[in-house]
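J.: Shown below is the structure under consideration.
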Amino acid sequence: MAPREKTRIRRRPKPSLVFFLGIVLLAGCSRNEDEPAPAPGSQGYEYPSGFAFVEVPFPLAADNPRCSEPPLSLPTIGVPFMDPCFASRLTRVTTVEGVQGRHEYSRFDPFNRDKTLIVLLKHTGDYAVYRTSIFPYNQAANLVFQTNAMEDPRWDESDSDLLWGLSGFRIIHDDVRSGKRTVVKDFATDPRIAPILDSEPDIYRITMRQEGEASTDRRHWAFLLQGTREDYRPRYLFCWDRESDRVLGLCTIKKEESDIDWVGMSVNGNWVLVGGMSENVGKLRGMTIANRSLTRFQRIDYTTSHADVGIDAQGREVLIMQNSRTDFIDLIPLAWETRPILDANGSYQGTGHVPLLRLHYDSDSPIGFNSGVHISCNAPEYCLISTTIARNTPERNWLDRSNALIRLDATHPRVFLLSKVYNTTEAYFEEAHGTMSRDGSRIVWAANWNQNVGQEKMCLLQLDMPSNWKELAGDK
């Protein structure tokens, strides 16, 4: 069976082993939402001396040592406990309040630079900023700021109070302490963009389709211009340089190449990325990179699947993406030399792609993978894989219902199992969408504790990494 592809959602070698599972009684587990929450780190499980991550011995194999998710009581908010499978330190950090108990998505770090604040969803479509000094994070006393007509809120790399975003045709940022909004750029007045808006008045916004990002320094940005005509399809692609306040490249998107999942910049701003789908024709067919002037395009994979941009251990800008043709998660260098894998079970030779981890979607196999995946590459040299499984779907594969960490070393990638996810999905916002902080010290994901499935009643689970996590997950 072919692997599932993204958004529409989206294979042998070694014998199976079984992890020895020591089931532990977790102190402080309770369903009482009204109990006072302790200050962060005040009690509960801490990493023991000599702790080590559980390394996956054969990441490219269909089978590996496996630990099934154990039945546990809903944990008390704010009390760290041990994941019984992999001994990581987990904490429930929000109350269950519909979508308002969770973060936005896997690709974005919800924490500000010093992790004193976190951005969480609101049911209105806006976002709320909360302090993280007291549990639960999403209590009224922690509320610092609520966004207003801001899409794609992203924290500044150096200013802990600055939240960047989009609003209509504008790039903006808000100081969440003072509430002051600054318009960084209004493309409605730009000499290259304004004439397009005047001649095509149904165009109503700039967008990265909710998944792209600017370069880390916020200098280079890539956008689509989207209108209401022709079923809201994107009509133009452009790249803008904030330093020179200049549109570096602008191109028209033909109807037959407009099936685009997302656009954005690479981490260092050297590449425009266009998440074209395989059904497109022309220059935007499949996952595509372009130069900033948008004069040269290169297809780097068959289609666009779940992915994130990152930096590998060799310092290269890369895309980490589910490969729907080969059933692996791949490291894909952002380079003109990179070639797509177009055939089912196609060869990796000469493509530049490096397989990191096998997914093994095989419905006929007793160890076939049953989950969907999301990818988060916020921490340089590393990537988090979180999995999402549906109701009444058996956990069979070693990666089902799990969080895994990949060291992005093309010469010797390593994979470590971090925790189970305690989650079952029947609705979009129930998906785990695991994400790493930019320094890699925290991981959060949405969890419903396998209860009230389909009702989008989630809380946020947090995994605090040990202080020496890079040493534990680095080179051998």
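The chains in the structure tokens are called A, B, ... from first to last as shown; in each chain the residues are counted from 1, and the ligands are counted from 1 in the order shown.
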So which bits of stretch 97-340 of chain A end up strand (DSSP E or B) when you DSSP the backbone, as a PyMOL selection string?
T.: chain A and resi 111+117-121+127-131+143-146+151-155+162-167+170-175+181-186+203-207+220-227+234-241+246-252+260-265+272-276+287-290+297-301+307-311+317-323+328-333
J.: Skipping near chain neighbours, those fewer than 6 positions away, what residues fall within 12 Å of stretch 160-167 of chain A using only C-alpha atoms, listed as a PyMOL selection string?
T.: chain A and resi 109-119+126-131+144-154+173-188+204-210+212-214+216-218+221+223
J.: Could you dump the residues just selected with C-alpha atoms as a PDB file, in the first residue's frame?
T.:
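Result file follows (part33.pdb):
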ATOM      1  CA  ASP A 109       7.607  27.491  18.447  1.00  0.00           C
ATOM      2  CA  PRO A 110       4.785  28.727  20.717  1.00  0.00           C
ATOM      3  CA  PHE A 111       7.274  29.972  23.343  1.00  0.00           C
ATOM      4  CA  ASN A 112       8.964  33.348  23.252  1.00  0.00           C
ATOM      5  CA  ARG A 113      12.752  33.635  23.397  1.00  0.00           C
ATOM      6  CA  ASP A 114      13.115  33.116  27.163  1.00  0.00           C
ATOM      7  CA  LYS A 115      10.048  30.824  27.415  1.00  0.00           C
ATOM      8  CA  THR A 116       8.277  33.149  29.861  1.00  0.00           C
ATOM      9  CA  LEU A 117       5.319  33.461  27.471  1.00  0.00           C
ATOM     10  CA  ILE A 118       3.367  31.102  25.238  1.00  0.00           C
ATOM     11  CA  VAL A 119       0.936  31.670  22.345  1.00  0.00           C
ATOM     12  CA  ASP A 126      -7.340  34.972  17.309  1.00  0.00           C
ATOM     13  CA  TYR A 127      -4.576  34.009  19.758  1.00  0.00           C
ATOM     14  CA  ALA A 128      -3.852  34.542  23.433  1.00  0.00           C
ATOM     15  CA  VAL A 129      -0.476  35.105  25.075  1.00  0.00           C
ATOM     16  CA  TYR A 130      -0.057  33.668  28.572  1.00  0.00           C
ATOM     17  CA  ARG A 131       2.705  33.706  31.169  1.00  0.00           C
ATOM     18  CA  VAL A 144      -0.938  38.998  28.983  1.00  0.00           C
ATOM     19  CA  PHE A 145      -2.252  39.805  25.500  1.00  0.00           C
ATOM     20  CA  GLN A 146      -4.836  38.869  22.916  1.00  0.00           C
ATOM     21  CA  THR A 147      -4.183  39.332  19.215  1.00  0.00           C
ATOM     22  CA  ASN A 148      -6.567  41.281  17.022  1.00  0.00           C
ATOM     23  CA  ALA A 149      -6.866  40.455  13.310  1.00  0.00           C
ATOM     24  CA  MET A 150      -3.378  38.894  13.250  1.00  0.00           C
ATOM     25  CA  GLU A 151      -2.551  35.776  11.257  1.00  0.00           C
ATOM     26  CA  ASP A 152       0.541  33.602  11.705  1.00  0.00           C
ATOM     27  CA  PRO A 153       1.833  34.928  15.066  1.00  0.00           C
ATOM     28  CA  ARG A 154       5.570  34.251  15.375  1.00  0.00           C
ATOM     29  CA  HIS A 173       4.401  43.207  15.039  1.00  0.00           C
ATOM     30  CA  ASP A 174       2.825  43.731  18.426  1.00  0.00           C
ATOM     31  CA  ASP A 175       4.566  44.445  21.721  1.00  0.00           C
ATOM     32  CA  VAL A 176       2.578  42.084  23.936  1.00  0.00           C
ATOM     33  CA  ARG A 177       3.458  43.993  27.108  1.00  0.00           C
ATOM     34  CA  SER A 178       2.493  47.491  25.954  1.00  0.00           C
ATOM     35  CA  GLY A 179      -0.017  46.488  23.280  1.00  0.00           C
ATOM     36  CA  LYS A 180       1.664  48.780  20.744  1.00  0.00           C
ATOM     37  CA  ARG A 181       1.299  47.678  17.131  1.00  0.00           C
ATOM     38  CA  THR A 182       3.874  48.550  14.474  1.00  0.00           C
ATOM     39  CA  VAL A 183       3.225  48.247  10.763  1.00  0.00           C
ATOM     40  CA  VAL A 184       6.479  46.919   9.312  1.00  0.00           C
ATOM     41  CA  LYS A 185       5.274  46.921   5.715  1.00  0.00           C
ATOM     42  CA  ASP A 186       1.998  47.677   3.918  1.00  0.00           C
ATOM     43  CA  PHE A 187       2.095  46.097   0.470  1.00  0.00           C
ATOM     44  CA  ALA A 188      -1.024  48.015  -0.545  1.00  0.00           C
ATOM     45  CA  TYR A 204      -7.657  40.483  -0.305  1.00  0.00           C
ATOM     46  CA  ARG A 205      -4.478  39.324   1.451  1.00  0.00           C
ATOM     47  CA  ILE A 206      -0.871  38.258   1.449  1.00  0.00           C
ATOM     48  CA  THR A 207      -0.452  34.751   2.790  1.00  0.00           C
ATOM     49  CA  MET A 208       1.985  31.911   3.400  1.00  0.00           C
ATOM     50  CA  ARG A 209      -1.005  29.557   3.695  1.00  0.00           C
ATOM     51  CA  GLN A 210      -0.507  29.265   7.476  1.00  0.00           C
ATOM     52  CA  GLY A 212       5.414  29.094   5.844  1.00  0.00           C
ATOM     53  CA  GLU A 213       7.781  31.404   7.683  1.00  0.00           C
ATOM     54  CA  ALA A 214      10.152  34.254   6.961  1.00  0.00           C
ATOM     55  CA  THR A 216      14.970  33.601  10.907  1.00  0.00           C
ATOM     56  CA  ASP A 217      16.235  37.200  10.870  1.00  0.00           C
ATOM     57  CA  ARG A 218      12.912  38.362   9.363  1.00  0.00           C
ATOM     58  CA  TRP A 221       9.733  36.938   3.108  1.00  0.00           C
ATOM     59  CA  PHE A 223       4.066  35.472  -0.055  1.00  0.00           C
TER      60      PHE A 223
END
J.: To one decimal in Å, tell me the separation between atom CA of A:Met287 and atom CA of A:Ser106.
T.: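 Straight-line distance from atom CA of A:Met287 to atom CA of A:Ser106 works out to 18.9 Å.
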J.: Using only C-alpha atoms, which protein or nucleic acid residues come within 10 Å of A:Pro59? Drop anything in the same chain fewer than 2 positions from it, and give the result as a VMD selection string.
T.: chain A and resid 55 to 57 61 to 64 328 355 to 359 399 406 413 to 416
J.: Show me, as a list in words, the residues that have an atom within 6 Å of A:Thr303 when counting only C-alpha atoms, minus same-chain residues fewer than 6 positions from it.
T.: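 Once the adjacent positions are removed, what remains is Met277, Ser278, Gly286 and Met287 of chain A.
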J.: So that I can check the secondary structure, give me every residue of stretch 218-412 of chain A assigned helix (DSSP H, G or I) by backbone DSSP, as a PyMOL selection string.
T.: chain A and resi 229-232+255-257+282-284
J.: What does the distance from atom CA of A:Ser266 to atom CA of A:Glu211 come to in Å, to one decimal?
T.: 12.5 Å
J.: Excluding stretch 312-320 of chain A and residues on its chain fewer than 3 positions from it, collect all residues at most 6 Å away from it, counting only C-alpha atoms, and give them as a list in words.
T.: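 Once the adjacent positions are removed, what remains is Ala307, Asp308, Val309, Asp330, Leu331, Ile332, Pro333, Leu334, Glu381, Leu408 and Asp409 of chain A.
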J.: Could the residues in this selection be written to a file with N, CA and C atoms, as a PDB file, in the first residue's frame?
T.:
ATOM      1  N   ALA A 307       6.035  18.614   6.465  1.00  0.00           N
ATOM      2  CA  ALA A 307       7.450  18.996   6.352  1.00  0.00           C
ATOM      3  C   ALA A 307       7.752  20.166   7.267  1.00  0.00           C
ATOM      4  N   ASP A 308       9.055  20.439   7.427  1.00  0.00           N
ATOM      5  CA  ASP A 308       9.519  21.681   8.047  1.00  0.00           C
ATOM      6  C   ASP A 308      10.915  21.979   7.525  1.00  0.00           C
ATOM      7  N   VAL A 309      11.252  23.254   7.501  1.00  0.00           N
ATOM      8  CA  VAL A 309      12.596  23.668   7.101  1.00  0.00           C
ATOM      9  C   VAL A 309      13.508  23.653   8.319  1.00  0.00           C
ATOM     10  N   ASP A 330      12.465  12.092   4.796  1.00  0.00           N
ATOM     11  CA  ASP A 330      13.726  12.400   4.122  1.00  0.00           C
ATOM     12  C   ASP A 330      14.332  13.709   4.590  1.00  0.00           C
ATOM     13  N   LEU A 331      15.655  13.758   4.580  1.00  0.00           N
ATOM     14  CA  LEU A 331      16.408  15.002   4.638  1.00  0.00           C
ATOM     15  C   LEU A 331      16.676  15.420   3.200  1.00  0.00           C
ATOM     16  N   ILE A 332      16.208  16.613   2.824  1.00  0.00           N
ATOM     17  CA  ILE A 332      16.316  17.081   1.436  1.00  0.00           C
ATOM     18  C   ILE A 332      17.125  18.365   1.413  1.00  0.00           C
ATOM     19  N   PRO A 333      18.354  18.344   0.908  1.00  0.00           N
ATOM     20  CA  PRO A 333      19.157  19.577   0.842  1.00  0.00           C
ATOM     21  C   PRO A 333      18.492  20.602  -0.081  1.00  0.00           C
ATOM     22  N   LEU A 334      18.495  21.853   0.348  1.00  0.00           N
ATOM     23  CA  LEU A 334      17.996  22.929  -0.505  1.00  0.00           C
ATOM     24  C   LEU A 334      19.147  23.363  -1.395  1.00  0.00           C
ATOM     25  N   GLU A 381      19.841  21.388  13.815  1.00  0.00           N
ATOM     26  CA  GLU A 381      20.457  20.062  13.795  1.00  0.00           C
ATOM     27  C   GLU A 381      19.534  18.946  14.274  1.00  0.00           C
ATOM     28  N   LEU A 408      19.884  15.437  12.705  1.00  0.00           N
ATOM     29  CA  LEU A 408      19.930  15.636  11.255  1.00  0.00           C
ATOM     30  C   LEU A 408      21.358  15.611  10.727  1.00  0.00           C
ATOM     31  N   ASP A 409      21.984  14.467  10.836  1.00  0.00           N
ATOM     32  CA  ASP A 409      23.323  14.268  10.319  1.00  0.00           C
ATOM     33  C   ASP A 409      23.212  13.353   9.103  1.00  0.00           C
TER      34      ASP A 409
END
J.: What's the separation between atom CA of A:Glu200 and atom CA of A:Val281, in Å to one decimal place?
T.: 23.9 Å
J.: Nearest to A:Gly352 among A:Ala410, A:Ile385, A:Val79, A:Ala432, with distances taken over only C-alpha atoms: which residue is it?
T.: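 Using only C-alpha atoms, the shortest distance to A:Gly352 belongs to A:Ala410.
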J.: Could you list, as a PyMOL selection string, every residue within 6 Å of A:Thr94, counting only C-alpha atoms and ignoring same-chain residues fewer than 5 positions away?
T.: chain A and resi 101+136-138+459-460
J.: Keeping N, CA and C atoms for every residue in the selection just given, could you write it to a file as a compact mmCIF listing (two decimals), in the first residue's frame?
T.:
# COMPACT_ATOMS: atom_id res chain seq x y z
N GLY A 101 -7.02 25.14 24.78
CA GLY A 101 -6.05 24.44 25.62
C GLY A 101 -4.80 24.03 24.88
N PRO A 136 -2.16 26.24 35.61
CA PRO A 136 -2.04 25.98 34.19
C PRO A 136 -1.70 27.25 33.43
N TYR A 137 -1.03 27.09 32.29
CA TYR A 137 -0.65 28.26 31.50
C TYR A 137 -1.87 29.09 31.11
N ASN A 138 -2.97 28.42 30.73
CA ASN A 138 -4.11 29.14 30.17
C ASN A 138 -5.14 29.57 31.21
N CYS A 459 -5.81 19.17 26.11
CA CYS A 459 -4.90 19.93 26.95
C CYS A 459 -3.54 19.90 26.26
N LEU A 460 -2.59 20.58 26.84
CA LEU A 460 -1.23 20.62 26.29
C LEU A 460 -0.33 19.83 27.21
J.: Which residues come within 7 Å of stretch 472-475 of chain A, counting only C-alpha atoms, excluding same-chain residues fewer than 4 positions away, as an mmCIF file with C-alpha atoms, in the first residue's frame?
T.:
data_model
loop_
_atom_site.group_PDB
_atom_site.id
_atom_site.type_symbol
_atom_site.label_atom_id
_atom_site.label_comp_id
_atom_site.auth_asym_id
_atom_site.auth_seq_id
_atom_site.Cartn_x
_atom_site.Cartn_y
_atom_site.Cartn_z
ATOM 1 C CA ALA A 52 19.811 8.197 28.583
ATOM 2 C CA PHE A 53 17.473 8.456 25.624
ATOM 3 C CA ARG A 407 19.601 14.160 14.732
ATOM 4 C CA ASN A 468 22.446 17.666 28.620
#
J.: When you count only C-alpha atoms, which of these residues is closest to A:Phe135: A:Asn403, A:Asn452, A:Leu225, A:Gly78?
T.: A:Gly78
J.: When you count only C-alpha atoms, which of these residues is closest to A:Pro80: A:Gln462, A:Asn291, A:Gln298, A:Ser467?
T.: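 Ranking A:Gln462, A:Asn291, A:Gln298, A:Ser467 by distance to A:Pro80, first place goes to A:Gln462.
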